[in-house]
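Participant: One structure follows; several queries about it will come next.
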Amino acid sequence: SPHISMARLANQLAGHPLNALTIVGPQPSPETSVRVSLEITYAYLLEHHPQAAAAFAALGIFTRPQSTIQILRHLLLADNATQEQDRIISLLNFHHLITQTELDGVAVWQTHPLLHELAKEYLHKDPSVMEKLQRQFVNATIAALAQLRDDFRHNQPVARIFDVLKADLMEISAGLLQDGRIIAALNLLENASSILMDAGYLAEYHSWMNQMKAQLSSLELPVEPMSQVVSNFVSLHDGAIHASLNEWDYARERWRAVNFSSVDDPEILQFVLGQIIKARSFELILVSRQGRIDEAQMVLEIAGREFRNLDVDIEQQPEWQEALIEWFIALGDLQSANQAAQAALALYQYEDNRAKTFHIQKTIADILVMDKEYETA
């Protein structure tokens with residue numbers, strides 16, 4: 001309307017954009033609103049393709065009107081057969097409710113902000129559906145992150161994809177922490193951080209870790225064992241940040257802060273053990289790469305005692321085998337380095353971790369090159 005100021009129109013659009021965009025005349029008609037034109041499409045899907053209509057409403061669970069196709073697929077998999085996912089996504093695409101594109105080689109979907117608002121509105125109409133979708137969304141995101149990490153190849157640009165996911169990741173982890181599902185939140189955050197760390201995006205990794213630490217520091221936790229778990233987690237990743245900045249001594253100090261606290265909960269115990277194995281592996285890699293042989297020997301002895309006390313079969317831990325590669329290279333024992341690399345490779349292949357498999361295969365090739373150079377020297 002010419003009688004509405006731009007400021008007022010902007011306020012209306014910000015508050016209720018679907019209702020605001022209505023042609024106002026002598027007899028205002030809701031049929032002229034943007035809402036109705038969008039709802040016609042939704043009503044058609046509801047009648048002829050109810051699964052696609054439910055999938056459109058599910059888009060409202062995303063923080064932004066854009067995410068990866070993999071997360072959407074995993075989200076739809078909870079309520080639909082595997083072969084149905086692509087058909088449902090195609091229907092949404094055909095009716096212009098989403099568009100599909102690629103970002104740095106990763107398939108993404110996006111929708112118009114007004115469509116996203118409508119999807120949120122439909123979703124909030126049924127609290128039970130929304131609650132169920134929130135749980136499914138967490139699992140879908142974790143599964144998609146693991147897949148994205150496994151599909152990763154060094155030097156593949158992932159920072160822009162991570163930027164697309166970041167708002168949802170922080171929203172999900174905040175919800176998990178609020179619900180007391182701390183281990184699930186930490187696993188989600190760690191999966192996300194490893195994508196950036198493995199890709200070498202250190203500035204983005206630092207930024208992400210600072211956001212994570214701020215989020216974790218706001219928690220009101222019981223003294224034990226969860227405060228110890230969170231402390232371990234922050235120490236581990238804080239050490240990784242400072243190691244990437246070549247602040248070696250501080251990094252080692254942080255990794256040393258990761259210790260074992262007696263717990264009864266199997267889920268918490270498993271997570272703490274994983275953090276300790278990573279911390280000791282990081283520490284051995286650090287001192288080995290610096291040629292601090294005596295200190296590396298000490299780390300080996302301390303870690304050995306710790307692992308025995310915790311009943312950890314260290315030969316089955318690929319992170320530790322990776323650390324041993326660096327230790328043997330520091331000693332000049334390339335044959336043992338190659339054996340450790342082969343052991344790590346077998347373990348990562350068993351886990352179907354393609355990113356680490358690729359990395360270890362490259363390491364084995366580097367060891368062979370070093371061995372030939374030693375022979376000709």
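Ordering of the structure tokens sets the chain letters (A, B, ...), residue numbers begin anew at 1 in every chain, and ligands are numbered from 1 in the order given.
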Please provide as JSON, numbers by chain all residues within 8 Å of A:Ala330, with the sequence filter that same-chain residues fewer than 2 positions apart are discarded (counting only C-alpha atoms).
Facilitator: {"A": [288, 289, 291, 293, 326, 327, 328, 332, 333]}
Participant: Take the residues just selected and output them with C-alpha atoms as a tab-separated table (two decimals), in the first residue's frame.
Facilitator:
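That gives us selection-v1.tsv:
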chain	number	residue	atom	x	y	z
A	288	SER	CA	58.45	-37.23	18.70
A	289	ARG	CA	58.19	-34.62	15.95
A	291	GLY	CA	62.96	-34.98	18.50
A	293	ILE	CA	63.37	-38.65	22.55
A	326	GLU	CA	55.99	-40.62	14.55
A	327	TRP	CA	57.92	-42.20	17.43
A	328	PHE	CA	59.61	-44.76	15.19
A	332	GLY	CA	65.02	-43.61	12.45
A	333	ASP	CA	63.38	-47.06	12.62
Participant: Residues near stretch 97-110 of chain A, anyone? I mean within 10 Å using only C-alpha atoms, not counting same-chain ones fewer than 5 positions away, as an NGL selection string.
Facilitator: :A and (38 or 41-42 or 56 or 59 or 64-72 or 89-92 or 115-116 or 119 or 148 or 151 or 156-161 or 164)
Participant: List the spatial neighbours of A:Ala257 as a PyMOL selection string - criterion: any atom at most 9 Å away, only C-alpha atoms, same-chain residues fewer than 5 positions off excluded.
Facilitator: chain A and resi 231-232+235-236+252+279
Participant: May I have the residues from that selection written out with all heavy atoms, as a compact mmCIF listing (two decimals), in the first residue's frame?
Facilitator:
# COMPACT_ATOMS: atom_id res chain seq x y z
N SER A 231 35.81 -30.97 31.15
CA SER A 231 37.17 -30.45 31.33
C SER A 231 38.16 -31.18 30.44
O SER A 231 39.04 -30.58 29.81
CB SER A 231 37.58 -30.58 32.80
OG SER A 231 38.92 -30.20 32.99
N ASN A 232 38.03 -32.52 30.38
CA ASN A 232 38.88 -33.32 29.49
C ASN A 232 38.72 -32.87 28.04
O ASN A 232 39.70 -32.71 27.30
CB ASN A 232 38.51 -34.80 29.59
CG ASN A 232 39.03 -35.47 30.84
OD1 ASN A 232 39.84 -34.90 31.56
ND2 ASN A 232 38.56 -36.66 31.12
N SER A 235 40.28 -29.46 27.41
CA SER A 235 41.74 -29.57 27.46
C SER A 235 42.29 -30.17 26.18
O SER A 235 43.28 -29.70 25.62
CB SER A 235 42.17 -30.42 28.66
OG SER A 235 41.90 -29.77 29.87
N LEU A 236 41.65 -31.22 25.72
CA LEU A 236 42.12 -31.92 24.53
C LEU A 236 42.13 -30.98 23.32
O LEU A 236 43.13 -30.86 22.61
CB LEU A 236 41.22 -33.12 24.25
CG LEU A 236 41.64 -34.01 23.08
CD1 LEU A 236 42.82 -34.87 23.48
CD2 LEU A 236 40.48 -34.90 22.65
N ARG A 252 51.09 -29.36 25.33
CA ARG A 252 51.35 -30.57 26.10
C ARG A 252 50.75 -30.47 27.51
O ARG A 252 50.22 -31.44 28.05
CB ARG A 252 52.85 -30.83 26.18
CG ARG A 252 53.16 -32.20 26.76
CD ARG A 252 54.63 -32.48 26.77
NE ARG A 252 54.85 -33.81 27.28
CZ ARG A 252 56.02 -34.25 27.73
NH1 ARG A 252 57.06 -33.45 27.73
NH2 ARG A 252 56.15 -35.48 28.19
N ALA A 279 44.52 -37.92 23.80
CA ALA A 279 45.47 -37.00 24.45
C ALA A 279 46.87 -37.59 24.49
O ALA A 279 47.86 -36.92 24.18
CB ALA A 279 44.99 -36.69 25.87
Participant: Using DSSP on the backbone, list every residue of stretch 48-238 of chain A that comes out as strand (DSSP E), and give them as a PyMOL selection string.
Facilitator: chain A and resi 66-68+99-103+106-110
Participant: Within 12 Å of A:His124, counting only C-alpha atoms, which residues show up once you throw out same-chain ones fewer than 2 positions away? Write them as a list in words, please.
Facilitator: Ala57, Ala58, Leu59, Gly60, Ile61, Glu117, Leu118, Ala119, Lys120, Glu121, Tyr122, Asp126, Pro127, Ser128, Val129, Met130, Glu131, Lys132, Leu133 and Gln134 of chain A
Participant: Would you list the contacts of stretch 369-372 of chain A as a list in words, taking every protein, DNA or RNA residue within 12 Å and counting only C-alpha atoms, but skipping same-chain residues closer than 2 positions in sequence?
Facilitator: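 Residues near the query, excluding close chain neighbours: Ile329, Gly332, Asp333, Leu334, Gln335, Ser336, Ala337, Asn338, Lys362, Thr363, Ile364, Ala365, Asp366, Ile367, Tyr374, Glu375, Thr376 and Ala377 of chain A.
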Participant: Only all heavy atoms, please: the residues just picked out, written as a tab-separated table (two decimals), in the first residue's frame.
Facilitator:
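So again09.tsv came out as:
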chain	number	residue	atom	x	y	z
A	329	ILE	N	59.69	-43.00	13.49
A	329	ILE	CA	60.38	-42.13	12.53
A	329	ILE	C	61.43	-41.29	13.25
A	329	ILE	O	62.55	-41.10	12.76
A	329	ILE	CB	59.37	-41.22	11.78
A	329	ILE	CG1	58.54	-42.06	10.79
A	329	ILE	CG2	60.09	-40.09	11.04
A	329	ILE	CD1	57.44	-41.29	10.10
A	332	GLY	N	64.39	-43.17	13.70
A	332	GLY	CA	65.02	-43.61	12.45
A	332	GLY	C	64.71	-45.06	12.13
A	332	GLY	O	65.34	-45.66	11.25
A	333	ASP	N	63.76	-45.66	12.83
A	333	ASP	CA	63.38	-47.06	12.62
A	333	ASP	C	62.19	-47.10	11.66
A	333	ASP	O	61.03	-47.19	12.07
A	333	ASP	CB	63.02	-47.69	13.97
A	333	ASP	CG	62.72	-49.19	13.85
A	333	ASP	OD1	62.64	-49.69	12.71
A	333	ASP	OD2	62.55	-49.84	14.91
A	334	LEU	N	62.48	-47.02	10.37
A	334	LEU	CA	61.42	-46.92	9.36
A	334	LEU	C	60.66	-48.23	9.18
A	334	LEU	O	59.48	-48.22	8.80
A	334	LEU	CB	62.00	-46.44	8.03
A	334	LEU	CG	62.59	-45.03	8.06
A	334	LEU	CD1	63.10	-44.64	6.68
A	334	LEU	CD2	61.58	-44.01	8.56
A	335	GLN	N	61.34	-49.35	9.45
A	335	GLN	CA	60.64	-50.63	9.34
A	335	GLN	C	59.52	-50.73	10.38
A	335	GLN	O	58.39	-51.11	10.05
A	335	GLN	CB	61.63	-51.79	9.55
A	335	GLN	CG	60.97	-53.16	9.37
A	335	GLN	CD	61.97	-54.31	9.50
A	335	GLN	OE1	63.17	-54.09	9.60
A	335	GLN	NE2	61.47	-55.53	9.51
A	336	SER	N	59.81	-50.35	11.62
A	336	SER	CA	58.78	-50.35	12.66
A	336	SER	C	57.72	-49.29	12.39
A	336	SER	O	56.53	-49.50	12.67
A	336	SER	CB	59.41	-50.10	14.04
A	336	SER	OG	60.29	-51.16	14.38
A	337	ALA	N	58.14	-48.14	11.82
A	337	ALA	CA	57.18	-47.09	11.46
A	337	ALA	C	56.19	-47.62	10.43
A	337	ALA	O	54.99	-47.36	10.52
A	337	ALA	CB	57.90	-45.86	10.93
A	338	ASN	N	56.71	-48.38	9.47
A	338	ASN	CA	55.85	-48.95	8.43
A	338	ASN	C	54.90	-49.98	9.03
A	338	ASN	O	53.72	-50.04	8.65
A	338	ASN	CB	56.69	-49.59	7.34
A	338	ASN	CG	55.85	-50.05	6.16
A	338	ASN	OD1	55.12	-49.27	5.55
A	338	ASN	ND2	55.93	-51.33	5.85
A	362	LYS	N	48.89	-42.35	2.44
A	362	LYS	CA	49.87	-41.33	2.05
A	362	LYS	C	51.10	-41.40	2.96
A	362	LYS	O	52.24	-41.25	2.50
A	362	LYS	CB	49.22	-39.94	2.13
A	362	LYS	CG	50.11	-38.80	1.64
A	362	LYS	CD	49.36	-37.50	1.65
A	362	LYS	CE	50.23	-36.35	1.14
A	362	LYS	NZ	51.45	-36.16	1.94
A	363	THR	N	50.87	-41.63	4.25
A	363	THR	CA	51.98	-41.74	5.21
A	363	THR	C	52.88	-42.92	4.86
A	363	THR	O	54.11	-42.82	4.91
A	363	THR	CB	51.43	-41.91	6.64
A	363	THR	OG1	50.64	-40.77	6.98
A	363	THR	CG2	52.57	-42.05	7.65
A	364	ILE	N	52.28	-44.06	4.50
A	364	ILE	CA	53.05	-45.24	4.11
A	364	ILE	C	53.91	-44.94	2.89
A	364	ILE	O	55.09	-45.31	2.82
A	364	ILE	CB	52.12	-46.44	3.85
A	364	ILE	CG1	51.49	-46.91	5.17
A	364	ILE	CG2	52.87	-47.59	3.18
A	364	ILE	CD1	50.39	-47.94	5.01
A	365	ALA	N	53.33	-44.23	1.91
A	365	ALA	CA	54.10	-43.85	0.72
A	365	ALA	C	55.27	-42.95	1.10
A	365	ALA	O	56.38	-43.10	0.57
A	365	ALA	CB	53.18	-43.15	-0.28
A	366	ASP	N	55.04	-42.02	2.04
A	366	ASP	CA	56.12	-41.13	2.49
A	366	ASP	C	57.23	-41.91	3.19
A	366	ASP	O	58.41	-41.60	3.03
A	366	ASP	CB	55.55	-40.06	3.45
A	366	ASP	CG	54.65	-39.06	2.76
A	366	ASP	OD1	54.73	-38.96	1.51
A	366	ASP	OD2	53.86	-38.40	3.45
A	367	ILE	N	56.85	-42.91	3.98
A	367	ILE	CA	57.85	-43.73	4.68
A	367	ILE	C	58.71	-44.48	3.68
A	367	ILE	O	59.94	-44.57	3.83
A	367	ILE	CB	57.15	-44.73	5.65
A	367	ILE	CG1	56.51	-43.97	6.82
A	367	ILE	CG2	58.15	-45.76	6.18
A	367	ILE	CD1	55.64	-44.83	7.70
A	374	TYR	N	67.27	-42.97	2.65
A	374	TYR	CA	68.26	-43.47	3.59
A	374	TYR	C	69.24	-44.44	2.92
A	374	TYR	O	70.43	-44.45	3.19
A	374	TYR	CB	67.57	-44.17	4.77
A	374	TYR	CG	67.01	-43.23	5.82
A	374	TYR	CD1	67.09	-41.85	5.67
A	374	TYR	CD2	66.36	-43.74	6.94
A	374	TYR	CE1	66.57	-40.99	6.61
A	374	TYR	CE2	65.83	-42.89	7.91
A	374	TYR	CZ	65.93	-41.51	7.73
A	374	TYR	OH	65.40	-40.68	8.67
A	375	GLU	N	68.69	-45.28	2.03
A	375	GLU	CA	69.51	-46.29	1.36
A	375	GLU	C	70.55	-45.64	0.43
A	375	GLU	O	71.67	-46.13	0.28
A	375	GLU	CB	68.62	-47.24	0.55
A	375	GLU	CG	67.82	-48.21	1.44
A	375	GLU	CD	66.89	-49.07	0.61
A	375	GLU	OE1	66.91	-48.93	-0.64
A	375	GLU	OE2	66.16	-49.89	1.20
A	376	THR	N	70.12	-44.54	-0.23
A	376	THR	CA	71.02	-43.90	-1.19
A	376	THR	C	71.96	-42.91	-0.52
A	376	THR	O	72.93	-42.46	-1.14
A	376	THR	CB	70.19	-43.16	-2.27
A	376	THR	OG1	69.31	-42.23	-1.64
A	376	THR	CG2	69.39	-44.15	-3.09
A	377	ALA	N	71.66	-42.56	0.74
A	377	ALA	CA	72.50	-41.57	1.44
A	377	ALA	C	73.86	-42.17	1.80
A	377	ALA	O	74.01	-43.36	2.03
A	377	ALA	CB	71.78	-41.11	2.70
Participant: Name the residues of stretch 66-260 of chain A that come out as helix (DSSP H, G or I) in a backbone DSSP run; write them as a ChimeraX atom specification.
Facilitator: /A:69-77,82-94,113-124,127-151,159-178,182-199,202-217,226-244,248-256
Participant: So the first atom is atom CA of A:Gln270 and the second is atom CA of A:Glu283; what is the distance between them in Å, to one decimal place?
Facilitator: 20.2 Å
Participant: Mind checking which residues fall within 9 Å of A:Leu145, counting only C-alpha atoms, ignoring those fewer than 4 positions away in the same chain, and posting them as a count of residues only?
Facilitator: 10
Participant: Identify, on the basis of only C-alpha atoms, every residue whose closest approach to stretch 301-304 of chain A does not exceed 10 Å; exclude the query and any residue fewer than 5 positions from it along the same chain; express the result as a list in words.
Facilitator: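 The filter keeps Ile276, Ile277, Ala279, Arg280, Ser281, Glu283, Leu284, Glu295, Ala296, Asn309, Leu310, Val312, Ile314 and Trp320 of chain A.
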Participant: If I take atom CA of A:Ile268 and atom CA of A:Ile172, how far is one from the other in Å, to one decimal?
Facilitator: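 Computed distance, atom CA of A:Ile268 to atom CA of A:Ile172, equals 19.7 Å.
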Participant: Find, counting only C-alpha atoms, the residue in A:Lys278, A:His74, A:His48, A:His237 that gets nearest to A:Gln147.
Facilitator: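 The closest residue to A:Gln147 is A:His74.
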